[in-house]
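Dumped structure_11.tsv below, it's TSV, C-alpha atoms and all ligand atoms:
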```tsv
chain	number	residue	atom	x	y	z
A	1	MET	CA	108.89	16.11	78.98
A	2	LYS	CA	110.26	18.56	81.51
A	3	HIS	CA	107.95	21.42	82.46
A	4	ASN	CA	109.29	24.92	82.98
A	5	ILE	CA	107.28	26.85	85.54
A	6	ALA	CA	106.92	30.60	86.06
A	7	LEU	CA	105.53	31.84	89.37
A	8	ILE	CA	103.98	35.26	89.05
A	9	GLY	CA	103.56	36.37	92.65
A	10	PHE	CA	105.68	34.99	95.49
A	11	GLY	CA	103.40	35.64	98.48
A	12	THR	CA	101.58	33.00	100.50
A	13	VAL	CA	100.54	30.79	97.57
A	14	GLY	CA	103.75	31.27	95.56
A	15	GLN	CA	105.80	30.21	98.57
A	16	GLY	CA	103.37	27.38	99.31
A	17	ILE	CA	103.67	25.80	95.86
A	18	SER	CA	107.46	26.32	95.95
A	19	GLU	CA	107.73	24.45	99.25
A	20	ILE	CA	105.57	21.64	97.89
A	21	LEU	CA	107.60	21.35	94.68
A	22	LEU	CA	110.89	21.36	96.60
A	23	SER	CA	109.82	18.74	99.13
A	24	LYS	CA	108.02	16.46	96.65
A	25	LYS	CA	110.33	16.67	93.65
A	26	LYS	CA	111.35	13.01	93.77
A	27	TYR	CA	107.86	11.73	94.60
A	28	LEU	CA	106.32	13.69	91.72
A	29	LYS	CA	108.88	12.32	89.29
A	30	ASP	CA	108.64	8.72	90.51
A	31	LYS	CA	104.86	8.57	90.80
A	32	TYR	CA	103.64	10.88	88.01
A	33	ASN	CA	106.72	11.30	85.82
A	34	PHE	CA	106.27	15.02	86.51
A	35	LYS	CA	109.64	16.66	85.93
A	36	PHE	CA	110.04	20.39	86.27
A	37	GLU	CA	112.16	23.44	86.95
A	38	ILE	CA	110.99	26.77	88.30
A	39	VAL	CA	112.60	29.07	85.75
A	40	ALA	CA	110.94	32.41	86.47
A	41	VAL	CA	109.63	34.21	89.54
A	42	ALA	CA	108.16	37.68	89.56
A	43	ASP	CA	107.19	39.49	92.70
A	44	PHE	CA	106.26	43.08	93.31
A	45	ALA	CA	108.11	43.15	96.66
A	46	TYR	CA	111.11	40.85	96.11
A	47	GLY	CA	111.94	41.40	92.43
A	48	ASN	CA	111.95	39.47	89.16
A	49	CYS	CA	114.29	36.53	88.50
A	50	TYR	CA	114.92	34.30	85.52
A	51	ASN	CA	117.18	31.38	84.80
A	52	PRO	CA	116.17	29.20	81.83
A	53	LYS	CA	117.91	26.23	83.48
A	54	GLY	CA	116.14	26.63	86.85
A	55	LEU	CA	116.27	29.05	89.78
A	56	ASP	CA	117.64	28.45	93.26
A	57	ILE	CA	114.17	28.36	94.79
A	58	GLN	CA	115.41	27.37	98.30
A	59	GLN	CA	117.44	30.56	98.50
A	60	MET	CA	114.54	32.61	97.15
A	61	LEU	CA	112.22	31.19	99.82
A	62	GLU	CA	114.74	32.07	102.52
A	63	GLU	CA	115.10	35.61	101.17
A	64	ALA	CA	111.35	36.16	100.87
A	65	GLN	CA	110.72	34.75	104.33
A	66	ALA	CA	113.33	37.15	105.72
A	67	LYS	CA	111.53	39.94	103.76
A	68	LYS	CA	114.72	40.53	101.75
A	69	LYS	CA	114.88	41.25	98.02
A	70	PHE	CA	116.02	38.45	95.72
A	71	SER	CA	119.78	38.52	95.08
A	72	LYS	CA	120.46	35.91	92.37
A	73	ASP	CA	119.44	35.53	88.67
A	74	LEU	CA	117.87	38.98	88.65
A	75	TYR	CA	115.85	39.89	85.54
A	76	ASP	CA	115.91	43.55	84.62
A	77	LYS	CA	112.74	43.71	82.51
A	78	ASP	CA	109.10	43.90	83.52
A	79	THR	CA	106.81	41.01	84.44
A	80	LEU	CA	104.88	40.95	81.15
A	81	THR	CA	108.14	40.64	79.21
A	82	LEU	CA	109.25	37.87	81.56
A	83	ILE	CA	105.98	35.99	80.98
A	84	LYS	CA	106.22	36.32	77.20
A	85	LYS	CA	109.96	35.79	76.70
A	86	SER	CA	110.81	33.15	79.32
A	87	ASN	CA	111.04	29.48	78.37
A	88	ALA	CA	108.24	28.65	80.86
A	89	ASN	CA	105.43	26.53	79.45
A	90	ILE	CA	103.27	26.84	82.60
A	91	VAL	CA	102.58	30.24	84.15
A	92	CYS	CA	101.14	30.22	87.68
A	93	GLU	CA	99.34	33.49	88.32
A	94	LEU	CA	99.52	33.98	92.10
A	95	THR	CA	99.35	37.72	92.64
A	96	TYR	CA	96.78	39.35	94.93
A	97	THR	CA	93.10	39.12	94.04
A	98	ASP	CA	91.31	42.24	92.83
A	99	LEU	CA	87.65	41.46	92.19
A	100	THR	CA	86.87	44.95	90.88
A	101	THR	CA	89.33	45.38	88.01
A	102	GLY	CA	91.18	42.07	88.12
A	103	GLY	CA	94.41	43.99	88.78
A	104	PRO	CA	97.65	43.13	86.94
A	105	ALA	CA	96.58	39.46	86.93
A	106	ILE	CA	94.34	40.10	83.92
A	107	ASP	CA	97.31	41.24	81.81
A	108	HIS	CA	99.50	38.42	83.14
A	109	VAL	CA	96.96	35.76	82.15
A	110	LYS	CA	96.33	37.34	78.76
A	111	ALA	CA	100.08	37.58	78.00
A	112	ALA	CA	100.68	33.96	79.00
A	113	LEU	CA	97.76	32.47	77.07
A	114	SER	CA	98.46	34.61	73.98
A	115	SER	CA	102.05	33.40	73.95
A	116	GLY	CA	100.97	29.76	74.06
A	117	LYS	CA	101.64	29.05	77.76
A	118	HIS	CA	99.29	27.17	80.10
A	119	VAL	CA	97.91	29.22	82.98
A	120	VAL	CA	97.18	27.82	86.44
A	121	THR	CA	95.79	30.23	88.98
A	122	SER	CA	94.24	30.59	92.40
A	123	ASN	CA	93.57	34.27	91.66
A	124	LYS	CA	89.82	34.90	91.68
A	125	GLY	CA	90.03	38.14	89.68
A	126	PRO	CA	90.67	36.68	86.20
A	127	ALA	CA	88.35	33.72	86.92
A	128	ALA	CA	85.40	35.78	88.19
A	129	LEU	CA	85.72	38.65	85.68
A	130	LYS	CA	87.02	37.07	82.45
A	131	TYR	CA	86.47	33.31	82.61
A	132	GLN	CA	84.65	32.96	79.27
A	133	GLU	CA	87.15	35.20	77.44
A	134	PHE	CA	90.21	33.41	78.83
A	135	LYS	CA	88.75	29.98	78.16
A	136	LYS	CA	88.35	30.97	74.48
A	137	LEU	CA	91.85	32.44	74.32
A	138	ALA	CA	93.31	29.26	75.85
A	139	LYS	CA	91.47	27.11	73.34
A	140	LYS	CA	92.64	29.26	70.44
A	141	ASN	CA	96.26	28.80	71.58
A	142	SER	CA	95.88	25.08	72.41
A	143	VAL	CA	96.71	25.57	76.09
A	144	LYS	CA	94.79	25.29	79.36
A	145	PHE	CA	93.37	27.89	81.74
A	146	LEU	CA	92.95	26.03	85.05
A	147	ILE	CA	91.46	27.57	88.17
A	148	GLU	CA	90.87	24.89	90.82
A	149	GLY	CA	92.44	27.03	93.55
A	150	THR	CA	90.04	29.92	93.07
A	151	VAL	CA	87.24	28.12	94.96
A	152	VAL	CA	87.90	26.33	98.29
A	153	ALA	CA	91.72	26.20	97.88
A	154	GLY	CA	92.91	22.68	96.98
A	155	THR	CA	89.72	20.94	98.06
A	156	PRO	CA	88.45	19.58	94.73
A	157	ILE	CA	85.43	21.57	93.59
A	158	ILE	CA	85.84	22.56	89.96
A	159	ASN	CA	87.75	19.39	89.11
A	160	LEU	CA	85.11	17.37	91.00
A	161	THR	CA	82.33	18.70	88.78
A	162	ARG	CA	84.43	18.11	85.65
A	163	GLY	CA	85.65	14.66	86.66
A	164	PRO	CA	83.77	12.42	89.09
A	165	LEU	CA	80.48	14.37	88.84
A	166	ALA	CA	80.57	14.74	85.04
A	167	GLY	CA	77.23	13.61	83.62
A	168	CYS	CA	75.25	14.68	86.70
A	169	GLU	CA	73.19	17.80	86.22
A	170	ILE	CA	73.94	20.16	89.08
A	171	THR	CA	71.01	22.40	89.97
A	172	LYS	CA	72.30	23.98	93.16
A	173	ILE	CA	75.61	24.56	94.95
A	174	LYS	CA	75.38	25.89	98.47
A	175	GLY	CA	77.79	26.21	101.35
A	176	ILE	CA	80.63	27.88	103.19
A	177	LEU	CA	82.98	29.51	100.71
A	178	ASN	CA	85.16	31.73	102.87
A	179	GLY	CA	87.64	30.36	105.39
A	180	THR	CA	88.37	33.68	107.12
A	181	THR	CA	84.76	34.37	108.08
A	182	ASN	CA	84.10	30.78	109.08
A	183	TYR	CA	87.20	30.88	111.29
A	184	MET	CA	86.08	34.22	112.74
A	185	LEU	CA	82.54	33.03	113.44
A	186	THR	CA	83.93	29.88	115.10
A	187	GLU	CA	86.24	31.87	117.38
A	188	MET	CA	83.66	34.58	118.09
A	189	GLU	CA	81.32	31.84	119.32
A	190	LYS	CA	84.07	30.90	121.82
A	191	GLY	CA	84.16	34.51	123.04
A	192	MET	CA	86.97	36.12	121.04
A	193	ASP	CA	86.29	39.66	119.84
A	194	TYR	CA	85.92	40.58	116.15
A	195	ALA	CA	89.10	42.68	115.73
A	196	SER	CA	91.44	40.22	117.48
A	197	VAL	CA	90.12	37.23	115.60
A	198	LEU	CA	90.43	39.04	112.26
A	199	LYS	CA	94.08	39.78	113.06
A	200	VAL	CA	94.71	36.08	113.81
A	201	ALA	CA	93.01	35.08	110.52
A	202	GLN	CA	95.34	37.48	108.68
A	203	ASP	CA	98.42	36.13	110.49
A	204	LEU	CA	97.42	32.58	109.56
A	205	GLY	CA	97.29	33.57	105.88
A	206	TYR	CA	93.52	32.97	105.49
A	207	ALA	CA	92.44	36.55	104.88
A	208	GLU	CA	92.91	38.47	101.64
A	209	ALA	CA	95.49	41.28	101.45
A	210	ASP	CA	92.54	43.59	102.11
A	211	PRO	CA	90.31	41.60	104.50
A	212	THR	CA	87.31	43.80	103.70
A	213	GLY	CA	86.74	41.37	100.85
A	214	ASP	CA	86.37	38.50	103.31
A	215	VAL	CA	84.22	40.10	106.00
A	216	GLU	CA	81.89	41.91	103.60
A	217	GLY	CA	81.27	38.68	101.66
A	218	PHE	CA	82.91	39.91	98.43
A	219	ASP	CA	85.37	36.99	98.36
A	220	ALA	CA	82.51	34.47	98.70
A	221	ARG	CA	80.57	36.42	96.05
A	222	GLY	CA	83.52	36.12	93.64
A	223	LYS	CA	83.50	32.36	94.19
A	224	VAL	CA	79.74	32.16	93.64
A	225	CYS	CA	80.30	34.03	90.37
A	226	ILE	CA	83.03	31.57	89.33
A	227	LEU	CA	80.79	28.58	90.15
A	228	ALA	CA	77.91	30.09	88.16
A	229	ASN	CA	80.16	30.60	85.13
A	230	VAL	CA	82.24	27.43	85.31
A	231	VAL	CA	79.86	24.83	86.70
A	232	MET	CA	76.47	26.19	85.61
A	233	GLY	CA	77.74	27.74	82.37
A	234	ALA	CA	75.82	30.97	83.14
A	235	PRO	CA	77.53	34.26	82.27
A	236	LEU	CA	76.71	35.89	85.63
A	237	LYS	CA	78.58	39.04	86.61
A	238	ILE	CA	79.67	39.85	90.17
A	239	ALA	CA	77.13	42.70	90.31
A	240	ASP	CA	74.30	40.23	89.59
A	241	ILE	CA	74.90	38.48	92.93
A	242	ALA	CA	73.23	39.77	96.11
A	243	CYS	CA	75.78	40.00	98.92
A	244	LYS	CA	75.89	40.59	102.67
A	245	GLY	CA	78.88	39.86	104.93
A	246	ILE	CA	79.41	39.25	108.65
A	247	THR	CA	80.40	42.76	109.77
A	248	LYS	CA	77.06	43.39	111.44
A	249	ILE	CA	77.02	40.17	113.45
A	250	THR	CA	77.29	41.06	117.13
A	251	PRO	CA	77.98	38.94	120.25
A	252	LYS	CA	74.22	39.32	120.93
A	253	ASP	CA	73.38	37.71	117.56
A	254	ILE	CA	75.76	34.85	118.35
A	255	GLU	CA	74.12	34.37	121.75
A	256	LYS	CA	70.67	34.36	120.13
A	257	ALA	CA	71.73	31.64	117.67
A	258	THR	CA	73.21	29.51	120.48
A	259	LYS	CA	69.99	29.83	122.51
A	260	GLU	CA	67.96	28.69	119.50
A	261	GLY	CA	70.24	25.68	118.85
A	262	LYS	CA	71.69	27.33	115.75
A	263	ARG	CA	75.03	28.68	114.49
A	264	TRP	CA	75.89	31.55	112.16
A	265	LYS	CA	77.44	30.64	108.82
A	266	LEU	CA	78.17	32.82	105.80
A	267	ILE	CA	76.40	30.94	103.04
A	268	GLY	CA	77.06	31.27	99.31
A	269	CYS	CA	74.55	29.81	96.91
A	270	VAL	CA	74.14	29.42	93.17
A	271	GLU	CA	70.96	27.87	91.87
A	272	LYS	CA	69.37	27.03	88.55
A	273	LYS	CA	65.55	27.23	88.47
A	274	ASP	CA	63.48	27.10	85.27
A	275	GLY	CA	66.69	27.61	83.29
A	276	ILE	CA	67.63	30.79	85.19
A	277	VAL	CA	70.78	30.88	87.33
A	278	THR	CA	70.94	33.15	90.38
A	279	GLY	CA	73.55	33.62	93.08
A	280	SER	CA	73.68	35.03	96.62
A	281	VAL	CA	75.85	35.41	99.73
A	282	ASN	CA	74.20	35.88	103.15
A	283	PRO	CA	74.85	35.12	106.82
A	284	GLU	CA	72.36	32.48	107.95
A	285	MET	CA	71.52	30.89	111.29
A	286	VAL	CA	71.90	27.20	110.51
A	287	GLU	CA	70.31	24.47	112.68
A	288	LEU	CA	73.03	22.57	114.60
A	289	SER	CA	71.75	19.33	113.09
A	290	HIS	CA	72.54	20.59	109.55
A	291	PRO	CA	75.82	19.21	108.07
A	292	LEU	CA	77.13	22.74	107.43
A	293	ALA	CA	76.80	23.66	111.13
A	294	GLY	CA	79.63	21.27	112.07
A	295	VAL	CA	82.09	22.81	109.62
A	296	MET	CA	84.34	24.89	111.87
A	297	GLY	CA	87.49	27.00	111.63
A	298	ALA	CA	88.92	27.84	108.21
A	299	LYS	CA	87.24	24.80	106.67
A	300	ASN	CA	84.83	25.24	103.78
A	301	ALA	CA	82.01	22.96	102.65
A	302	LEU	CA	79.80	22.77	99.60
A	303	THR	CA	76.70	20.74	98.90
A	304	PHE	CA	75.99	19.96	95.25
A	305	THR	CA	72.37	19.14	94.48
A	306	THR	CA	72.39	16.79	91.51
A	307	ASP	CA	69.81	14.94	89.42
A	308	MET	CA	71.30	11.46	89.82
A	309	LEU	CA	73.01	11.42	93.24
A	310	GLY	CA	70.81	13.83	95.18
A	311	ASP	CA	73.01	15.88	97.51
A	312	VAL	CA	76.78	15.42	97.54
A	313	THR	CA	78.73	17.36	100.18
A	314	ILE	CA	82.47	17.96	100.26
A	315	VAL	CA	84.26	19.46	103.26
A	316	GLY	CA	87.86	20.62	103.24
A	317	PRO	CA	90.29	23.47	103.79
A	318	GLY	CA	89.37	26.64	101.92
A	319	ALA	CA	92.50	28.69	102.54
A	320	GLY	CA	96.12	28.46	103.64
A	321	LYS	CA	99.61	28.31	102.18
A	322	ILE	CA	100.04	24.58	101.52
A	323	GLU	CA	96.29	23.98	101.04
A	324	THR	CA	96.13	26.52	98.21
A	325	GLY	CA	99.58	25.60	96.94
A	326	PHE	CA	98.22	22.09	96.45
A	327	SER	CA	95.54	23.40	94.06
A	328	ILE	CA	98.34	24.70	91.83
A	329	LEU	CA	100.07	21.33	91.96
A	330	THR	CA	96.95	19.37	91.10
A	331	ASP	CA	96.20	21.58	88.08
A	332	MET	CA	99.81	21.28	86.91
A	333	LEU	CA	99.61	17.50	87.20
A	334	SER	CA	96.48	17.52	85.06
A	335	ILE	CA	98.48	19.39	82.38
A	401	LIG	N1	90.50	34.81	101.93
A	401	LIG	C1	90.02	33.58	101.39
A	401	LIG	C2	89.28	32.81	102.47
A	401	LIG	C3	91.17	32.81	100.87
A	401	LIG	O1	89.37	33.19	103.64
A	401	LIG	O2	88.58	31.86	102.17
A	401	LIG	C4	90.79	31.74	99.94
A	401	LIG	O3	90.09	32.24	98.83
```
Target encoding structure tokens, full file:
Amino acid sequence: MKHNIALIGFGTVGQGISEILLSKKKYLKDKYNFKFEIVAVADFAYGNCYNPKGLDIQQMLEEAQAKKKFSKDLYDKDTLTLIKKSNANIVCELTYTDLTTGGPAIDHVKAALSSGKHVVTSNKGPAALKYQEFKKLAKKNSVKFLIEGTVVAGTPIINLTRGPLAGCEITKIKGILNGTTNYMLTEMEKGMDYASVLKVAQDLGYAEADPTGDVEGFDARGKVCILANVVMGAPLKIADIACKGITKITPKDIEKATKEGKRWKLIGCVEKKDGIVTGSVNPEMVELSHPLAGVMGAKNALTFTTDMLGDVTIVGPGAGKIETGFSILTDMLSI
């Protein structure tokens, strides 16, 4: 079967998955028999396009990268109509994350699932705010709602707990869940100042559209909420999770940690104790001998505490264009 893909959002992740699909088209067909066309693209800045036989994605990448509006296969109706009426069977929701209301992504996901289309997303809004509801809606319509890219980009976290770790009871998940702040803390330790390093993190595509969400810990809190819901099966809400970011960490604090043989890390944690699941996000001074202390730059790391394997730690990229684009690919391959 040939899959028809709609990309809703053509920013960092939308362009990342497009580049991957273009460069790996033959490999994906030969190795996985994954055949596809990108038939629809919707973007707030560049416009909406539709061609049921497949869009000229190379040209669209060039236009978007030159910050020009799309010029071919233009679609004159709104994004929700495009999602519902297009011949796409997989809708990738890749618009900006809004962890307060969910933003337009909530309506995009609802429209796609209700019209019998699979949804793959790296957008934390729908996953953190409406996971249980969308899971039910997907089941009712015999499609999938897949969210690997919402936590630690393409590094397998959610799929790891569903696949290789299935059968293990996970009682705690703890680690570094935000690439921007880990990158900033790494560079600040080398002497770079807060504002300059934040700008570099934005330029590298790690930070959210509004980086407040990264530095205040809200992005990590959203991921803790997703892990609580998806892995622990606990209906935690974002407001249930205590949260503190890195904005108050000064060069003096960094010096203090170095003197004590420690390093600052922004740590997210979700834990099940006596049947009750709690979550938190806090900056912590971690001993240099601890495995999390060696995780530098935009890398993320999570330790799963399990009943049968003890602690299992995975380290990998937590942000970036191709790294997050890969999460979309892996979920599409599982479809
Ligand atoms: N802004 C996020 C981060 C992107 O820095 O980790 C991935 O969710």
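Across the structure, CA of Ala45 in chain A and CA of Ile90 in chain A are spaced 22.1 Å apart.
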Quick one: residues within 6 Å of range 249-263 of chain A, all atoms listed in the file, excluding same-chain residues fewer than 3 positions away - as a short mmCIF file (atom, residue, chain, number, x, y, z; two decimals) with C-alpha atoms, keeping the file's coordinate frame?
```
data_model
loop_
_atom_site.label_atom_id
_atom_site.label_comp_id
_atom_site.auth_asym_id
_atom_site.auth_seq_id
_atom_site.Cartn_x
_atom_site.Cartn_y
_atom_site.Cartn_z
CA ILE A 246 79.41 39.25 108.65
CA MET A 285 71.52 30.89 111.29
CA VAL A 286 71.90 27.20 110.51
CA GLU A 287 70.31 24.47 112.68
CA LEU A 288 73.03 22.57 114.60
#
```
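Shortest separation to ligand LIG 401 (chain A) among A:Arg162, A:Lys124, A:Lys135, A:Lys190 occurs at residue A:Lys124, atoms counted being only C-alpha atoms and all ligand atoms.
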Note to self: If we draw a sphere of 7 Å around (79.3, 33.1, 89.7), which residues have at least one atom in it when counting all atoms listed in the file? Please report them as a list in words.
What the structure shows: Ala128, Gly222, Lys223, Val224, Cys225, Ile226, Leu227, Ala228, Asn229, Leu236, Lys237, Ile238 and Gly279 of chain A
Where is the centre and how long are the edges: axis-aligned box on ligand LIG 401 (chain A), 6 Å on each side, Å to one decimal, as AutoDock Vina command-line options:
```
--center_x 89.9 --center_y 33.3 --center_z 101.2 --size_x 14.6 --size_y 15.1 --size_z 16.8
```
Note to self: Which residues are near ligand LIG 401 (chain A) in this structure, taking near to mean any atom at most 7 Å from a ligand atom and counting only C-alpha atoms and all ligand atoms? Format them as a list in words.
What the structure shows: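 Checking only C-alpha atoms and all ligand atoms against ligand LIG 401 (chain A) at 7 Å gives Thr150, Val151, Val152, Ala153, Leu177, Asn178, Gly179, Thr180, Thr181, Tyr206, Ala207, Glu208, Asp214, Asp219, Gly318 and Ala319 of chain A.
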Item checked: Among the residues A:Pro317, A:Gly54, A:Gly47, A:Gly167, the one that comes closest to Lys68 in chain A [using all atoms listed in the file] ->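 Closest to Lys68 in chain A of all the choices is A:Gly47.
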Shell of 9 Å around range 304-313 of chain A, all atoms listed in the file, local chain residues under 2 positions omitted, as a PDB file with C-alpha atoms, in the coordinates of the input:
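This is the output file out06.pdb:
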```
ATOM      1  CA  LEU A 165      80.480  14.370  88.840  1.00  0.00           C
ATOM      2  CA  GLY A 167      77.230  13.610  83.620  1.00  0.00           C
ATOM      3  CA  CYS A 168      75.250  14.680  86.700  1.00  0.00           C
ATOM      4  CA  GLU A 169      73.190  17.800  86.220  1.00  0.00           C
ATOM      5  CA  ILE A 170      73.940  20.160  89.080  1.00  0.00           C
ATOM      6  CA  THR A 171      71.010  22.400  89.970  1.00  0.00           C
ATOM      7  CA  LYS A 172      72.300  23.980  93.160  1.00  0.00           C
ATOM      8  CA  ILE A 173      75.610  24.560  94.950  1.00  0.00           C
ATOM      9  CA  LYS A 174      75.380  25.890  98.470  1.00  0.00           C
ATOM     10  CA  GLY A 175      77.790  26.210 101.350  1.00  0.00           C
ATOM     11  CA  PRO A 291      75.820  19.210 108.070  1.00  0.00           C
ATOM     12  CA  ALA A 301      82.010  22.960 102.650  1.00  0.00           C
ATOM     13  CA  LEU A 302      79.800  22.770  99.600  1.00  0.00           C
ATOM     14  CA  VAL A 315      84.260  19.460 103.260  1.00  0.00           C
TER      15      VAL A 315
END
```
Next item on the list: Tell me which of A:Gln15, A:Ser122, A:Thr186, A:Thr161 sits closest to Leu61 in chain A, counting all atoms listed in the file.
Entry: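 Going through A:Gln15, A:Ser122, A:Thr186, A:Thr161 one by one, the smallest distance to Leu61 in chain A is for A:Gln15.
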Next item on the list: Measuring atom to atom with all atoms listed in the file, identify which of A:Glu63, A:Gly9, A:Thr95, A:Lys26 is nearest to Asn48 in chain A.
Entry: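 Counting all atoms listed in the file, the residue closest to Asn48 in chain A is A:Gly9.
In this model, the gap between CA of His108 in chain A and CA of Thr79 in chain A comes to 7.9 Å.
CA of Leu21 in chain A lies 9.4 Å from CA of Gly325 in chain A.
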Margin query: Here is a test: counting all atoms listed in the file, which residue of A:Lys25, A:Ile147, A:Asn33, A:Gly320 is nearest to Asp203 in chain A?
Written below: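 Smallest separation from Asp203 in chain A among the options: A:Gly320.
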